[in-house]
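Report on the following structure.
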Amino acid sequence: MVGTRRRGAIRFWQQALFLGLVAVLPFLADTARAFSQDRRLSQFHHTRWTIKEGVPGQISAIAQTEDGYLWLAAAASLYRFEGIRFERFEPPSGDPFSSIQTLYAPPGGGLWIGFQLGGVAFLKEGRLTRYRGTEGAPTRSVSAFATDGDGNVWASETRGGLFRLSGTRWEQVGESWGYPGSKSRYLFVDRDGTLWAATEKTLLYLPRGAHRFVPTGANVGWVLQLRQAPDGRIWMTESGGDVRPIPVPGHGQTENPPTLHVESAGMLFARDGSLWLTTLGDGVRRIPHPERLSAGDAAAVGGAVESFTEQDGLSADYAWPVIEDREGNVWMGTSGGLDRFRTSSMVLAEFPRGSHDFALVAGSAGEIWAGTSNRPLMRLRDGEVSFEQLGSPVRSAYRDEEGVVWLGADNGLWRVKDGGPSHVTPLPDPLAQVQAMTRDRHGTLWVSLTTGGLRQWRDGHWRSVEERLGDLDGESIHSAMTDGRGRVWLGHQRGIITRVDGEEVRRFTEDDGLRLGVVAALAAGRQYVWVGGQFGLAFHDGERFRPLVADGDESFRSVSGIIERPDGSLWVHSVPGVFHIPAGEVRRAVGDPGHRVRYELFDFLDGLPARPTLLRPLPTAVAGDDGRLWFATSNGVVWIDPERIARNPLPPPVSILSVKADDRRYAPTSDVTLPIHPANLEIDYAALSLSIPERVSFRYRMEGVDEHWRDVGTRRTAYYGNLAPGRYRFHVIASNNDGVWNERGASLELVIPPAVHQSWWFRTLCVAAGLLLLWLLYLLRLRQLTAKMRGRLEERHAERERIARELHDTLLQSVQGLVLRLQAVAEQLPEHEPARQAMEKALDRADEVLAEGRDRVMDLRSSAHEGRDLSDALAQVGEELAENFPMSFRLLVEGVPRELNATVQVELFLIGREALINAFQHSGGTAVEAEFHYDSDELRVRLRDDGAGVAPEILEMGGRPGHWGIAGMHERAARIGATLQVWSRTDAGTEVELKVPAAIVYRRRPKAAWWSRLKDAARLGRGR
């Protein structure tokens, strides 16, 4: 999750802060330098890491490489630290390190490693290059590295002299360079690029671009370290306990420099100009202003040195290496762990440790008065604390509009006058303590007592106000305040507020929007009255109380102090920490009740030692005359200068540490190939901001997976699951503790190869196999439907033949017998008898009916075309019709006639005969034409005339009302799976086209090949 301080304001601050810092960065650097230099060592924010947090053993060397990592050497082990985790570096070759003597991070990146038993190595981007004696490298203990102004790398060997790297080989520097002796104690390059070298007896320097060393003439002992002060002087630490600048003519040195008799193992001039020293048993020493030391004030040197030991929280008193990182933090390694000192925004006040229950009030000229329950009254001025004996603890403190400081002690009221406190009066209740005080516009002092009483002190007398305010029923007034109009505001324990304006008394309750619980803080602003309590923060707009809601992880809960600054911004002291609400956010909240204010939160990472007291003394926040804001906690008092807040303008370098796929780790190279189908993918990353790494925030995105950036707060691992095969690009960016983003970040290419079942050719085969299977199923289904249809047609044909036989053998035979009888009867009558003539006419009609009946029976039995080709049968129908109508008939046949399915042929004949009859009887044309096409995949029959045609509306209706010719043709075609289309246009004739799939119409051959059957079925499918 995002760090608490920045969650609510990170987007708000990151743009304005970054642009502002770029514009005023030089000024901020100078301000921060003076700011930290004036601090005492105890006022730095100190953090230590010990073996419990993963620190290796005794740390012998520290270096920070350009990528931001902090490297630690402990015996034969090398670790890197990114602010959260310690990671041991294992040589890629598997060849273990020997004991490490020194570490050096050169410009341009990488890390030089010097070994105690000889040899050097260079580590960069995970690649380790070892130099042994075969490359001319030092073979004995290496004490220091340096890079001169021309970019050359130098190494000092304790007993072997001075070495210089030329290309890929080392060369020993001797007389040709003006370097005497065979020993080299230490190397150092100053800001001008001059190389300084300490031998066993003297000190030399090599100007930039020169090829001969110049002796300084200074007599030195065993030099442990060389450093350059901000004024240009070169300082050294010597074995035996001296720390001093070296008198070198022309290098800003003095003839008789001061000497600090401090046994120091490590030395550092911080960017603020202070001098840090580590000792082998006495912890850490710091000299804030070494430039003020001179040879004549040796007595003052001891007073100028601050110390910080294990008793103060250092990981161990045995301390050796010390460095300053890119962000200005001071690091040192000890025998017990790793320590960091950094400049925090909040500064611990110089009140004695162990003081408790601070009642704060601002005096004149920036001084602060503090009453406690276990110390005398204290006055803090110019960093010094003085004490005033009042004979009783001070429980409450208040400064009125005239600048008079009032103190509520157990033995009465006190007032600060002429620079010191003077007793005013005893309390009206000797068992009571002062909870809150305020003075109205008439000069009356209102005093709330812990026993529940509310009293007024005026003209040397105590007065009760309960009659005026009503019965308080013993309720305690927790807070009190007088606004700019002289009105007195009283905050009650049970969550109500009483306002007294002259004779007018008004109570505010939940009905007025007051839902804060115990009212612990009241503050008068330029326009509004601010109120804080258990459940939040609110302001009075003149009529009602309106809440302020925070936009972030933290809320304004248990507020105990409120300060409105002249610019309109708010500083709110509460349990989560100290909230800073910018003036713009305050204005937006006042104008928009639904606006959630963005904030900046200062907590323990900024130097806040503990939480505020919520019962008394109140308030816990006061503003000094010098602009500093003071906050009381249960474990000390801190101050912050809103105009000089320590900011971090450096965007953090971002790196990807490792890739883990299904419990297997991969080095984060430029292109990582993962295993097939990884179920779980984890990517570890880091941002190298060592000031407050707990507040470093991250965003990442996997291109091809994430559409937008994922805001994951402080989480340093990305998780993905079941990624599809392909190429991906993982990109991570980060911001430092002040919301300054490194937009470039770090990226990594990932390749996930496909499994066999995920390859394109496998998927293509699967698709093809699926399509083939569907096609086979389709053909099988068509074959089943065709067989079913053929069976139904054959059943229908058989039923027609049965009905024809029954009609022929019963009805027609009986009628024929009856006709013969009647014929015999008629012949017995005379020819001239009318009855005979009538009977003969009836018998003629009966013969016609019998003939028609026989024709219908023959139609049922297909006798009209049985044994003949369909085209011949229809040709006979057309020729017979042409004899009775003045129209010609012509038959066309294309293709080789094939034997047709008998059942289908009957239906086709009936459809064709109906079409011919309609053409001859209704078209009124001069010619009729029949056309047969025997194709391999279908049979096509076209019947057309050149008559008057059929009206479009009749075709749309499917025939004339009461006529069933066209409708019957369509029904017959549908029964056999054929397609029937009727095309006609007025005065252009009519054409009937019939298409039947080959699988339906042609009679199947007994031994047809399987592919031919499939082909016929396919044709059937297309026909349907």
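Each chain of the structure tokens is named A, B, ... in the order shown, its residues numbered from 1; ligands are numbered from 1 in display order.
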Inset, instruction - Mind the document's chain letters and residue numbers, and return as a VMD selection string the residues of stretch 686-814 of chain A that DSSP labels strand (DSSP E). - result: chain A and resid 686 to 687 697 to 703 710 to 713 717 to 721 726 to 735 741 to 752
Polymer residues at most 10 Å from A:Leu72, only C-alpha atoms, same-chain spacing of 6 or more positions, as a PDB file with C-alpha atoms, in the first residue's frame:
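Output (part15.pdb):
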ATOM      1  CA  VAL A  55      22.380  -7.150   8.382  1.00  0.00           C
ATOM      2  CA  PRO A  56      25.580  -9.190   7.941  1.00  0.00           C
ATOM      3  CA  GLN A  58      30.753  -6.446  11.239  1.00  0.00           C
ATOM      4  CA  ILE A  59      30.632  -4.055   8.275  1.00  0.00           C
ATOM      5  CA  SER A  60      34.097  -3.130   7.056  1.00  0.00           C
ATOM      6  CA  ALA A  61      33.276  -1.070   3.950  1.00  0.00           C
ATOM      7  CA  ILE A  62      30.316   0.803   2.424  1.00  0.00           C
ATOM      8  CA  ALA A  63      29.809   2.283  -1.050  1.00  0.00           C
ATOM      9  CA  GLN A  64      26.860   3.529  -3.082  1.00  0.00           C
ATOM     10  CA  LEU A  78      29.223  -8.730  -0.144  1.00  0.00           C
ATOM     11  CA  TYR A  79      25.663  -7.460   0.294  1.00  0.00           C
ATOM     12  CA  ARG A  80      23.555  -4.876  -1.436  1.00  0.00           C
ATOM     13  CA  PHE A  81      20.787  -2.900   0.249  1.00  0.00           C
ATOM     14  CA  PHE A  86      19.542  -7.039   2.344  1.00  0.00           C
ATOM     15  CA  GLU A  87      20.608  -9.288  -0.517  1.00  0.00           C
ATOM     16  CA  ARG A  88      23.819 -11.265  -0.576  1.00  0.00           C
ATOM     17  CA  ILE A 100      37.091  -7.734   1.506  1.00  0.00           C
ATOM     18  CA  THR A 102      37.603  -1.838   0.668  1.00  0.00           C
ATOM     19  CA  LEU A 103      34.775  -0.877  -1.718  1.00  0.00           C
ATOM     20  CA  PRO A 321      33.102   3.082   7.486  1.00  0.00           C
ATOM     21  CA  GLY A 333      28.749   0.460   9.566  1.00  0.00           C
ATOM     22  CA  LEU A 338      24.064  -0.471   9.949  1.00  0.00           C
TER      23      LEU A 338
END
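Closest approach to A:Val825 among A:Arg716, A:Gln837, A:Trp369, A:Thr334 is made by A:Gln837 (distances from only C-alpha atoms).
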Inset, instruction - Rank nothing, just name the residue among A:Asp501, A:Asp339, A:Glu125, A:Asp95 nearest to A:Trp49, using only C-alpha atoms. - result: A:Asp339
Inset, instruction - Write down as a PyMOL selection string the residues belonging to stretch 177-395 of chain A that are assigned helix (DSSP H, G or I) by DSSP computed on the backbone. - result: chain A and resi 177+290-292+298-304+310-312
Using only N, CA and C atoms, please write the residues we just selected to a file, as a CSV table (one decimal), in the first residue's frame.
chain,number,residue,atom,x,y,z
A,177,TRP,N,57.3,8.4,-12.1
A,177,TRP,CA,56.2,9.2,-11.8
A,177,TRP,C,56.5,10.1,-10.6
A,290,PRO,N,33.2,22.7,11.6
A,290,PRO,CA,34.7,22.5,11.7
A,290,PRO,C,35.4,23.7,11.2
A,291,GLU,N,34.8,24.5,10.3
A,291,GLU,CA,35.5,25.7,9.8
A,291,GLU,C,35.8,26.8,10.9
A,292,ARG,N,35.1,26.7,12.0
A,292,ARG,CA,35.3,27.6,13.1
A,292,ARG,C,36.4,27.3,14.0
A,298,ALA,N,41.9,24.9,21.2
A,298,ALA,CA,41.9,23.5,21.5
A,298,ALA,C,41.0,23.1,22.6
A,299,ALA,N,40.8,24.0,23.6
A,299,ALA,CA,39.9,23.8,24.7
A,299,ALA,C,38.5,23.8,24.2
A,300,ALA,N,38.2,24.6,23.2
A,300,ALA,CA,36.8,24.6,22.7
A,300,ALA,C,36.5,23.5,21.8
A,301,VAL,N,37.5,22.8,21.3
A,301,VAL,CA,37.3,21.7,20.4
A,301,VAL,C,36.4,20.6,21.1
A,302,GLY,N,36.7,20.3,22.3
A,302,GLY,CA,35.9,19.3,23.0
A,302,GLY,C,34.5,19.7,23.1
A,303,GLY,N,34.2,20.9,23.4
A,303,GLY,CA,32.8,21.3,23.5
A,303,GLY,C,32.1,21.4,22.1
A,304,ALA,N,32.9,21.5,21.0
A,304,ALA,CA,32.3,21.5,19.7
A,304,ALA,C,31.9,20.1,19.2
A,310,GLU,N,26.0,3.8,21.5
A,310,GLU,CA,25.1,2.7,21.7
A,310,GLU,C,24.0,3.0,22.7
A,311,GLN,N,24.4,3.8,23.7
A,311,GLN,CA,23.4,4.2,24.7
A,311,GLN,C,22.3,5.1,24.1
A,312,ASP,N,22.7,5.9,23.1
A,312,ASP,CA,21.7,6.7,22.4
A,312,ASP,C,20.9,6.0,21.3
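Atom CA of A:Glu953 is positioned 17.7 Å from atom CA of A:Met969.
Of the listed residues (A:Thr451, A:Thr444, A:Gln116, A:Ser476), A:Thr444 comes nearest to A:Val488; the distances count only C-alpha atoms.
Comparing the minimum interatomic distances between A:Ala686 and each of A:Ser464, A:Asn736, A:Ser182, A:Ser274, counting only C-alpha atoms, we find that A:Asn736 sits nearest.
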Against stretch 520-526 of chain A, which residues of stretch 393-439 of chain A fall within 12 Å? For each one I want the closest pair of atoms and the distance in Å (one decimal), counting only C-alpha atoms, rows by chain and increasing residue number, as CSV.
residue,atom,partner,partner_atom,distance
A:Glu401,CA,A:Ala524,CA,11.7
A:Gln435,CA,A:Ala520,CA,10.7
A:Ala436,CA,A:Ala520,CA,10.0
A:Met437,CA,A:Leu522,CA,11.6
A:Thr438,CA,A:Leu522,CA,10.9
Quick one: write out the picked residues with N, CA and C atoms as a PDB file, in the first residue's frame?
ATOM      1  N   GLU A 401      -4.682  37.578  23.533  1.00  0.00           N
ATOM      2  CA  GLU A 401      -4.504  38.430  22.375  1.00  0.00           C
ATOM      3  C   GLU A 401      -3.480  39.540  22.615  1.00  0.00           C
ATOM      4  N   GLN A 435      -7.910  22.743  33.242  1.00  0.00           N
ATOM      5  CA  GLN A 435      -8.062  22.017  31.997  1.00  0.00           C
ATOM      6  C   GLN A 435      -7.889  22.920  30.781  1.00  0.00           C
ATOM      7  N   ALA A 436      -8.486  24.111  30.805  1.00  0.00           N
ATOM      8  CA  ALA A 436      -8.418  25.022  29.653  1.00  0.00           C
ATOM      9  C   ALA A 436      -8.617  26.452  30.150  1.00  0.00           C
ATOM     10  N   MET A 437      -8.088  27.419  29.384  1.00  0.00           N
ATOM     11  CA  MET A 437      -8.217  28.838  29.716  1.00  0.00           C
ATOM     12  C   MET A 437      -8.411  29.647  28.440  1.00  0.00           C
ATOM     13  N   THR A 438      -9.134  30.758  28.579  1.00  0.00           N
ATOM     14  CA  THR A 438      -9.244  31.743  27.509  1.00  0.00           C
ATOM     15  C   THR A 438      -9.652  33.076  28.120  1.00  0.00           C
TER      16      THR A 438
END
Inset, instruction - List the neighbours of stretch 888-896 of chain A out to 12 Å using only C-alpha atoms; skip same-chain residues closer than 4 positions along the sequence, and give me the result as a PyMOL selection string. - result: chain A and resi 869-884+916-917+919-920+924-946
Legend entry - Two-atom distance - atom CA of A:Leu615, atom CA of A:Ser355 (Å):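 Spanning atom CA of A:Leu615 to atom CA of A:Ser355 is a straight-line distance of 16.8 Å.
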Legend entry - Long-range neighbours of A:Trp462 as a list in words, 10 Å cut-off, only C-alpha atoms, 5 positions minimum in chain: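 After dropping sequence-adjacent residues, the list is Thr425, Pro426, Leu427, Pro428, Leu445, Trp446, Val447, Arg455, Gln456 and Trp457 of chain A.
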